[in-house]
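Accompanying notes for the structure given below.
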Amino acid sequence: MASSSTLCTHKSYKYDVFLSFSGEDTRRTFIDHLYVALQQQGIHTFKDDEKLQKGKSINEEILESIENSRIYIIVFSKNYASSSWCLNELVKIMECQGTNEQTAYPVFYDVDPSEVRNQLGAVGEGLVIHKNGNVEKWKQALKGAANLSGWDLRKTADGHEAKVIKLIIERVTLELCFININVDKNLIDMEQRMQDLESVLEIGSNDVRMIGIKGMGGAGKTTLARAIVDKLSFHFEAKSFIENVREVSKASLSGLLSLQRQVLSDLLKDQGNIISSVHDGRNMMKKMLCSRKVLVVLDDVDHREQLEALAGEPGWFKPGSRIIITTRDEQVLIAHRVKLIWDVNLLSDEEAIRLFSKHALGEIFQLKGMKYNHSKSYVMLPVFP
């Protein structure tokens with residue numbers, strides 16, 4: 001899992017995703033592409049040839065990895081049922097997903113779901129070669145997995161593997177729930193503020209939007225922007241969160257250049273180091289970013305020059321992209337022709353009391369029995385035994 005993300009699960013898992021597949025059919029094709037896409041999204045994934053440790057038996061390692069994975073992606077292909085190893089994996093997966101909070105998703109690569117469910121065609125032929133006493137367990141596991149919600153590659157997105165992989169990534173990301181509202185209980189009314197900002201972002205719209213978040217220091221602009229990125233980044237092909245723009249850009253003569261490099265590195269996978277000037281950075285952004293749907297946050301901007309270097313104009317970006325700018329100075333946004341400007345208000349009296357009680361007393365108390373003196377700015381809390 002990416003270090004900036006938090007899973008909203010009750011148990012801590014070693015892996016976000018476990019891939020079950022027939023190496024003979026898919027290791028160097030579909031599985032390879034899926035694995036790379038998962039890793040690029042910060043989704044910690046187990047793939048047997050990548051993670052098996054020397055000195056441990058494969059069986060022990062596999063069973064431990066299945067138990068310690070949150071999501072299973074089972075890729076059924078023509079030779080899946082020919083492998084007793086795959087079938088034993090499947091039995092274990094179905095046991096875990098049936099009793100715990102783990103979830104399994106089948107992908108029918110080059111077989112029909114009915115072939116897996118009823119052990120027909122290549123699946124049935126694969127089972128025939130096994131002579132041991134586990135066949136009945138395997139049949140039940142195959143039937144159970146085939147009845148789960150998943151993807152039939154040949155009938156999804158016109159069979160385009162890249163598009164199917166994108167759908168899988170979106171589903172997995174939602175399942176993992178990258179933004180954990182429960183962890184943010186200390187952030188009073190964060191959920192409502194996020195919902196309000198989401199309506200302004202309008203992710204489904206195919207235009208390029210620059211959204212300004214303005215408010216005084218300590219109002220929660222950065223926290224809100226980061227929460228939005230954690231929650232919505234899976235809608236985009238790439239993301240970049242640039243912190244402390246004001247501070248970094250003024251720290252040295254090359255401050256703006258270093259920020260441009262970070263944006264390009266985040267969005268184009270380490271291509272930022274090739275630029276040698278802010279002018280070159282602008283040209284590269286205009287040339288390269290128009291082909292990628294991106295989510296960019298420029299945090300704590302205080303000068304138009306910074307926006308001209310990092311997000312010159314909407315035409316730099318592919319339709320559907322979103323650029324979020326946080327600032328204390330609304331005039332910077334106006335000067336850059338940012339039309340959507342969203343205020344982050346300070347906490348109300350009631351919210352402030354709840355926040356104070358959370359940190360000072362260890363729990364949030366309701367306002368009943370509390371009094372707030374506006375003229376003297378203090379709170380009268382109830383007396384506790």
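So you can find residues: chains in the structure tokens are A, B, ... in the order shown, residues in each start at 1, and ligands are numbered from 1 in order.
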
Margin query: Which of stretch 97-325 of chain A end up as helix (DSSP H, G or I) when DSSP is run on this backbone - answer as number ranges by chain?
Written below: A: 97-99, 113-118, 121-128, 135-146, 153-155, 157-159, 161-176, 181-186, 190-201, 221-235, 245-251, 255-268, 272-274, 278-291, 304-310, 314-316

Next item on the list: Show which residues sit within 12 Å of A:Ser265, as a PyMOL selection string. Count only C-alpha atoms, and ignore same-chain residues fewer than 6 positions away.
Entry: chain A and resi 238-242+258-259+271-275+281+284-285+288-289

Go ahead and dump the residues you just picked, N, CA and C atoms, as a PDB file, in the first residue's frame.
```pdb
ATOM      1  N   ALA A 238      -2.729   9.535 -13.558  1.00  0.00           N
ATOM      2  CA  ALA A 238      -1.568   9.863 -12.728  1.00  0.00           C
ATOM      3  C   ALA A 238      -1.948  10.995 -11.774  1.00  0.00           C
ATOM      4  N   LYS A 239      -1.171  11.132 -10.703  1.00  0.00           N
ATOM      5  CA  LYS A 239      -1.461  12.168  -9.718  1.00  0.00           C
ATOM      6  C   LYS A 239      -0.155  12.772  -9.219  1.00  0.00           C
ATOM      7  N   SER A 240      -0.248  14.009  -8.725  1.00  0.00           N
ATOM      8  CA  SER A 240       0.911  14.672  -8.143  1.00  0.00           C
ATOM      9  C   SER A 240       0.428  15.625  -7.052  1.00  0.00           C
ATOM     10  N   PHE A 241       1.006  15.503  -5.877  1.00  0.00           N
ATOM     11  CA  PHE A 241       0.676  16.391  -4.751  1.00  0.00           C
ATOM     12  C   PHE A 241       1.945  17.178  -4.408  1.00  0.00           C
ATOM     13  N   ILE A 242       1.952  18.456  -4.746  1.00  0.00           N
ATOM     14  CA  ILE A 242       3.125  19.305  -4.539  1.00  0.00           C
ATOM     15  C   ILE A 242       2.904  20.147  -3.287  1.00  0.00           C
ATOM     16  N   SER A 258      12.768  22.830  -9.342  1.00  0.00           N
ATOM     17  CA  SER A 258      12.653  21.576  -8.589  1.00  0.00           C
ATOM     18  C   SER A 258      11.202  21.149  -8.465  1.00  0.00           C
ATOM     19  N   LEU A 259      10.287  22.114  -8.346  1.00  0.00           N
ATOM     20  CA  LEU A 259       8.860  21.776  -8.273  1.00  0.00           C
ATOM     21  C   LEU A 259       8.358  21.252  -9.612  1.00  0.00           C
ATOM     22  N   GLN A 271      10.541  11.415 -15.634  1.00  0.00           N
ATOM     23  CA  GLN A 271      11.058  12.162 -16.771  1.00  0.00           C
ATOM     24  C   GLN A 271      11.399  13.607 -16.414  1.00  0.00           C
ATOM     25  N   GLY A 272      11.173  13.987 -15.153  1.00  0.00           N
ATOM     26  CA  GLY A 272      11.385  15.370 -14.756  1.00  0.00           C
ATOM     27  C   GLY A 272      12.829  15.801 -14.746  1.00  0.00           C
ATOM     28  N   ASN A 273      13.766  14.881 -14.552  1.00  0.00           N
ATOM     29  CA  ASN A 273      15.167  15.257 -14.389  1.00  0.00           C
ATOM     30  C   ASN A 273      15.816  15.764 -15.673  1.00  0.00           C
ATOM     31  N   ILE A 274      15.150  15.604 -16.793  1.00  0.00           N
ATOM     32  CA  ILE A 274      15.775  15.996 -18.050  1.00  0.00           C
ATOM     33  C   ILE A 274      15.617  17.485 -18.341  1.00  0.00           C
ATOM     34  N   ILE A 275      14.796  18.211 -17.582  1.00  0.00           N
ATOM     35  CA  ILE A 275      14.634  19.635 -17.836  1.00  0.00           C
ATOM     36  C   ILE A 275      15.706  20.419 -17.072  1.00  0.00           C
ATOM     37  N   GLY A 281      10.736  23.439 -18.621  1.00  0.00           N
ATOM     38  CA  GLY A 281       9.700  22.736 -17.875  1.00  0.00           C
ATOM     39  C   GLY A 281       8.321  23.062 -18.387  1.00  0.00           C
ATOM     40  N   MET A 284       7.795  21.318 -21.751  1.00  0.00           N
ATOM     41  CA  MET A 284       7.604  19.875 -21.620  1.00  0.00           C
ATOM     42  C   MET A 284       6.220  19.551 -21.075  1.00  0.00           C
ATOM     43  N   MET A 285       5.745  20.334 -20.111  1.00  0.00           N
ATOM     44  CA  MET A 285       4.410  20.113 -19.573  1.00  0.00           C
ATOM     45  C   MET A 285       3.360  20.278 -20.667  1.00  0.00           C
ATOM     46  N   MET A 288       3.685  17.185 -23.070  1.00  0.00           N
ATOM     47  CA  MET A 288       3.504  15.820 -22.588  1.00  0.00           C
ATOM     48  C   MET A 288       2.222  15.589 -21.788  1.00  0.00           C
ATOM     49  N   LEU A 289       1.758  16.599 -21.061  1.00  0.00           N
ATOM     50  CA  LEU A 289       0.631  16.358 -20.156  1.00  0.00           C
ATOM     51  C   LEU A 289      -0.724  16.385 -20.845  1.00  0.00           C
TER      52      LEU A 289
END
```

Per-residue nearest contacts stretch 26-82 of chain A to stretch 153-159 of chain A, cut-off 12 Å, using only C-alpha atoms, as CSV:
```
residue,atom,partner,partner_atom,distance
A:Phe30,CA,A:Leu153,CA,10.5
A:Val75,CA,A:Leu153,CA,9.9
A:Phe76,CA,A:Leu153,CA,10.2
A:Ser77,CA,A:Leu153,CA,10.6
```

Any chance you could export the current selection's N, CA, C and O atoms as a compact mmCIF listing (two decimals), in the first residue's frame?
```
# COMPACT_ATOMS: atom_id res chain seq x y z
N PHE A 30 -1.28 -10.99 -19.71
CA PHE A 30 -2.27 -10.28 -18.90
C PHE A 30 -1.81 -10.05 -17.47
O PHE A 30 -1.93 -8.94 -16.93
N VAL A 75 -7.50 -15.36 -12.04
CA VAL A 75 -7.55 -15.28 -13.50
C VAL A 75 -7.71 -16.69 -14.06
O VAL A 75 -6.75 -17.47 -14.09
N PHE A 76 -8.91 -17.00 -14.49
CA PHE A 76 -9.19 -18.33 -15.05
C PHE A 76 -8.81 -18.35 -16.53
O PHE A 76 -9.25 -17.52 -17.32
N SER A 77 -8.00 -19.33 -16.88
CA SER A 77 -7.59 -19.52 -18.27
C SER A 77 -7.69 -21.01 -18.60
O SER A 77 -8.04 -21.83 -17.75
```

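Coordinates place atom CA of A:Ala81 at a distance of 9.4 Å from atom CA of A:His130.
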
Notebook entry, point to check: DSSP says strand (DSSP E) for which residues of stretch 29-96 of chain A? Put them as a ChimeraX atom specification?
Noted result: /A:45-46,69-76

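Of the listed residues (A:Gly220, A:Gly255, A:Gly204, A:Pro113), A:Gly204 comes nearest to A:Ser321; the distances count only C-alpha atoms.
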
Would you mind listing what lies within 10 Å of A:Leu87 as an mmCIF file with C-alpha atoms, in the first residue's frame, with only C-alpha atoms counted and same-chain residues fewer than 6 positions away left out?
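Written out: out_9.cif:
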```cif
data_model
loop_
_atom_site.group_PDB
_atom_site.id
_atom_site.type_symbol
_atom_site.label_atom_id
_atom_site.label_comp_id
_atom_site.auth_asym_id
_atom_site.auth_seq_id
_atom_site.Cartn_x
_atom_site.Cartn_y
_atom_site.Cartn_z
ATOM 1 C CA SER A 20 -3.955 -16.482 -8.660
ATOM 2 C CA PHE A 21 -3.236 -17.555 -12.223
ATOM 3 C CA SER A 22 -1.816 -20.184 -14.543
ATOM 4 C CA TYR A 80 -5.870 -23.150 -14.795
ATOM 5 C CA ALA A 81 -7.651 -26.391 -13.868
ATOM 6 C CA ILE A 93 -8.933 -18.452 -1.358
ATOM 7 C CA LEU A 127 -9.755 -31.731 -14.042
ATOM 8 C CA ASN A 134 -9.243 -33.441 -3.878
ATOM 9 C CA VAL A 135 -11.272 -33.269 -7.079
ATOM 10 C CA LYS A 137 -13.177 -29.835 -3.287
ATOM 11 C CA TRP A 138 -11.776 -28.328 -6.445
ATOM 12 C CA LYS A 139 -15.107 -28.588 -8.222
ATOM 13 C CA ALA A 141 -14.247 -24.086 -5.340
ATOM 14 C CA LEU A 142 -14.520 -23.590 -9.102
#
```

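Excluding A:Lys287 and any residue on its chain fewer than 2 positions from it, the residues at most 12 Å away by only C-alpha atoms are Leu264, Leu268, Asp280, Gly281, Arg282, Asn283, Met284, Met285, Leu289, Cys290, Ser291, Arg292, Gly315, Trp316, Phe317 and Lys318 of chain A.
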
Selection to disk with all heavy atoms, as a compact mmCIF listing (two decimals), in the first residue's frame:
```txt
# COMPACT_ATOMS: atom_id res chain seq x y z
N LEU A 264 6.58 16.63 -13.08
CA LEU A 264 6.83 15.78 -14.25
C LEU A 264 7.23 14.37 -13.85
O LEU A 264 6.82 13.40 -14.49
CB LEU A 264 7.92 16.41 -15.12
CG LEU A 264 7.51 17.68 -15.87
CD1 LEU A 264 8.72 18.40 -16.43
CD2 LEU A 264 6.53 17.34 -16.98
N LEU A 268 4.83 11.63 -15.20
CA LEU A 268 5.42 10.98 -16.37
C LEU A 268 6.47 9.93 -16.00
O LEU A 268 7.26 9.53 -16.85
CB LEU A 268 6.05 12.03 -17.29
CG LEU A 268 5.10 13.10 -17.82
CD1 LEU A 268 5.86 14.15 -18.62
CD2 LEU A 268 3.99 12.48 -18.66
N ASP A 280 12.07 25.38 -20.06
CA ASP A 280 12.01 24.01 -20.60
C ASP A 280 10.90 23.21 -19.92
O ASP A 280 10.21 22.41 -20.56
CB ASP A 280 13.34 23.29 -20.39
CG ASP A 280 14.44 23.82 -21.29
OD1 ASP A 280 14.11 24.53 -22.27
OD2 ASP A 280 15.62 23.54 -21.01
N GLY A 281 10.74 23.44 -18.62
CA GLY A 281 9.70 22.74 -17.88
C GLY A 281 8.32 23.06 -18.39
O GLY A 281 7.48 22.17 -18.55
N ARG A 282 8.06 24.34 -18.65
CA ARG A 282 6.75 24.74 -19.20
C ARG A 282 6.50 24.05 -20.54
O ARG A 282 5.42 23.52 -20.79
CB ARG A 282 6.70 26.26 -19.39
CG ARG A 282 6.59 27.07 -18.12
CD ARG A 282 6.16 28.50 -18.47
NE ARG A 282 6.28 29.37 -17.32
CZ ARG A 282 7.31 30.18 -17.11
NH1 ARG A 282 8.31 30.22 -17.97
NH2 ARG A 282 7.33 30.96 -16.04
N ASN A 283 7.51 24.09 -21.40
CA ASN A 283 7.35 23.48 -22.74
C ASN A 283 7.09 21.99 -22.66
O ASN A 283 6.27 21.44 -23.40
CB ASN A 283 8.59 23.75 -23.59
CG ASN A 283 8.68 25.20 -24.03
OD1 ASN A 283 7.67 25.90 -24.09
ND2 ASN A 283 9.89 25.67 -24.34
N MET A 284 7.79 21.32 -21.75
CA MET A 284 7.60 19.88 -21.62
C MET A 284 6.22 19.55 -21.08
O MET A 284 5.57 18.60 -21.52
CB MET A 284 8.67 19.28 -20.72
CG MET A 284 8.63 17.75 -20.67
SD MET A 284 10.08 17.04 -19.86
CE MET A 284 9.74 15.28 -20.09
N MET A 285 5.75 20.33 -20.11
CA MET A 285 4.41 20.11 -19.57
C MET A 285 3.36 20.28 -20.67
O MET A 285 2.46 19.45 -20.80
CB MET A 285 4.14 21.08 -18.43
CG MET A 285 4.87 20.74 -17.15
SD MET A 285 4.44 21.89 -15.82
CE MET A 285 5.32 21.12 -14.45
N LEU A 289 1.76 16.60 -21.06
CA LEU A 289 0.63 16.36 -20.16
C LEU A 289 -0.72 16.39 -20.85
O LEU A 289 -1.72 15.95 -20.27
CB LEU A 289 0.65 17.39 -19.02
CG LEU A 289 1.88 17.32 -18.10
CD1 LEU A 289 1.74 18.33 -16.97
CD2 LEU A 289 2.07 15.91 -17.54
N CYS A 290 -0.78 16.86 -22.09
CA CYS A 290 -2.05 16.91 -22.80
C CYS A 290 -2.58 15.53 -23.15
O CYS A 290 -3.73 15.38 -23.58
CB CYS A 290 -1.94 17.76 -24.05
SG CYS A 290 -0.72 17.16 -25.23
N SER A 291 -1.75 14.51 -22.97
CA SER A 291 -2.16 13.14 -23.31
C SER A 291 -2.48 12.29 -22.09
O SER A 291 -2.76 11.10 -22.21
CB SER A 291 -1.07 12.45 -24.14
OG SER A 291 0.13 12.33 -23.37
N ARG A 292 -2.43 12.90 -20.88
CA ARG A 292 -2.69 12.14 -19.65
C ARG A 292 -3.74 12.85 -18.80
O ARG A 292 -3.65 14.06 -18.56
CB ARG A 292 -1.42 11.97 -18.82
CG ARG A 292 -0.27 11.31 -19.55
CD ARG A 292 0.64 10.60 -18.57
NE ARG A 292 0.10 9.29 -18.21
CZ ARG A 292 0.64 8.50 -17.28
NH1 ARG A 292 1.67 8.92 -16.59
NH2 ARG A 292 0.12 7.33 -17.02
N GLY A 315 -5.23 24.26 -21.17
CA GLY A 315 -4.83 23.57 -22.40
C GLY A 315 -3.60 22.69 -22.25
O GLY A 315 -3.31 21.87 -23.13
N TRP A 316 -2.87 22.84 -21.15
CA TRP A 316 -1.72 21.96 -20.91
C TRP A 316 -2.16 20.52 -20.63
O TRP A 316 -1.37 19.60 -20.80
CB TRP A 316 -0.93 22.45 -19.69
CG TRP A 316 -0.11 23.67 -19.88
CD1 TRP A 316 -0.21 24.57 -20.91
CD2 TRP A 316 0.94 24.13 -19.02
NE1 TRP A 316 0.71 25.57 -20.73
CE2 TRP A 316 1.43 25.33 -19.59
CE3 TRP A 316 1.50 23.65 -17.85
CZ2 TRP A 316 2.46 26.05 -18.98
CZ3 TRP A 316 2.53 24.37 -17.25
CH2 TRP A 316 3.01 25.56 -17.82
N PHE A 317 -3.39 20.35 -20.18
CA PHE A 317 -3.82 19.06 -19.61
C PHE A 317 -4.89 18.39 -20.46
O PHE A 317 -5.66 19.05 -21.16
CB PHE A 317 -4.33 19.27 -18.19
CG PHE A 317 -3.35 19.94 -17.28
CD1 PHE A 317 -3.38 21.32 -17.08
CD2 PHE A 317 -2.36 19.20 -16.65
CE1 PHE A 317 -2.46 21.94 -16.26
CE2 PHE A 317 -1.43 19.82 -15.83
CZ PHE A 317 -1.47 21.19 -15.63
N LYS A 318 -4.94 17.07 -20.35
CA LYS A 318 -5.95 16.28 -21.06
C LYS A 318 -7.33 16.52 -20.46
O LYS A 318 -7.46 16.69 -19.24
CB LYS A 318 -5.59 14.79 -20.95
CG LYS A 318 -6.53 13.86 -21.70
CD LYS A 318 -6.05 12.40 -21.55
CE LYS A 318 -7.00 11.44 -22.26
NZ LYS A 318 -6.53 10.03 -22.16
```

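Atom CA of A:Thr326 sits 10.5 Å away from atom CA of A:Gly217.
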
Please build the interface table for stretch 125-244 of chain A against stretch 94-108 of chain A with a cut-off of 7 Å, listing for each qualifying residue the nearest atom pair and the distance in Å to one decimal; count only C-alpha atoms, order rows by chain and increasing number, and write it as a tab-separated table.
```
residue	atom	partner	partner_atom	distance
A:Ala141	CA	A:Met94	CA	6.4
A:Ala145	CA	A:Pro106	CA	6.5
A:Ala146	CA	A:Pro106	CA	6.8
A:Leu148	CA	A:Tyr105	CA	6.6
A:Ser149	CA	A:Tyr105	CA	6.3
A:Gly150	CA	A:Pro106	CA	4.8
A:Trp151	CA	A:Val107	CA	4.8
A:Asp152	CA	A:Phe108	CA	4.7
A:Leu153	CA	A:Phe108	CA	5.9
```

Notebook entry, point to check: Within 9 Å of A:Ile213, counting only C-alpha atoms, which residues qualify if same-chain residues fewer than 6 places away don't, as a ChimeraX atom specification?
Noted result: /A:221,225,324-328,330,340-344

Using only N, CA, C and O atoms, please write the residues we just selected to a file, as a tab-separated table (two decimals), in the first residue's frame.
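So again33.tsv came out as:
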```
chain	number	residue	atom	x	y	z
A	221	LYS	N	-6.91	23.51	4.63
A	221	LYS	CA	-6.87	23.43	3.16
A	221	LYS	C	-6.05	22.22	2.69
A	221	LYS	O	-6.49	21.45	1.84
A	225	ALA	N	-7.36	18.82	0.79
A	225	ALA	CA	-6.86	18.46	-0.54
A	225	ALA	C	-6.25	17.06	-0.56
A	225	ALA	O	-6.47	16.29	-1.49
A	324	ILE	N	-5.98	21.28	-8.42
A	324	ILE	CA	-6.44	21.88	-7.17
A	324	ILE	C	-5.32	22.77	-6.63
A	324	ILE	O	-4.18	22.33	-6.51
A	325	ILE	N	-5.67	24.00	-6.32
A	325	ILE	CA	-4.69	24.98	-5.83
A	325	ILE	C	-5.13	25.47	-4.46
A	325	ILE	O	-6.25	25.97	-4.31
A	326	THR	N	-4.28	25.33	-3.45
A	326	THR	CA	-4.61	25.87	-2.14
A	326	THR	C	-3.79	27.14	-1.89
A	326	THR	O	-2.62	27.20	-2.25
A	327	THR	N	-4.43	28.13	-1.30
A	327	THR	CA	-3.75	29.41	-1.08
A	327	THR	C	-4.46	30.20	0.02
A	327	THR	O	-5.63	29.98	0.31
A	328	ARG	N	-3.72	31.13	0.59
A	328	ARG	CA	-4.31	32.07	1.54
A	328	ARG	C	-4.76	33.34	0.84
A	328	ARG	O	-5.48	34.15	1.42
A	330	GLU	N	-6.65	34.97	-2.25
A	330	GLU	CA	-7.60	34.78	-3.34
A	330	GLU	C	-7.16	35.51	-4.61
A	330	GLU	O	-7.47	35.08	-5.73
A	340	LEU	N	-13.25	28.67	-10.44
A	340	LEU	CA	-13.90	27.94	-9.34
A	340	LEU	C	-13.07	28.13	-8.08
A	340	LEU	O	-11.98	27.56	-7.94
A	341	ILE	N	-13.56	28.95	-7.17
A	341	ILE	CA	-12.85	29.24	-5.94
A	341	ILE	C	-13.73	28.83	-4.76
A	341	ILE	O	-14.87	29.26	-4.65
A	342	TRP	N	-13.18	27.98	-3.92
A	342	TRP	CA	-13.94	27.37	-2.81
A	342	TRP	C	-13.34	27.80	-1.48
A	342	TRP	O	-12.14	27.69	-1.26
A	343	ASP	N	-14.20	28.31	-0.61
A	343	ASP	CA	-13.76	28.79	0.70
A	343	ASP	C	-13.72	27.66	1.71
A	343	ASP	O	-14.67	26.88	1.81
A	344	VAL	N	-12.62	27.57	2.45
A	344	VAL	CA	-12.57	26.68	3.61
A	344	VAL	C	-12.79	27.56	4.83
A	344	VAL	O	-11.94	28.36	5.20
```

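In this model, the gap between atom CA of A:Asp329 and atom CA of A:Leu232 comes to 25.8 Å.
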
Next item on the list: Might you pull out every residue within 8 Å of stretch 122-125 of chain A, with only C-alpha atoms counted and same-chain residues fewer than 6 positions away left off, and present them as number ranges by chain?
Entry: A: 78-82, 111, 115-116

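Nearest to A:Val296 of all the residues A:Leu256, A:Val263, A:Ala309, A:Leu167 is A:Val263, counting only C-alpha atoms.
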
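Each of A:Val172, A:Lys92, A:Leu253, A:Cys86 was compared to A:Glu64 using only C-alpha atoms, and A:Lys92 turns out to be the nearest.
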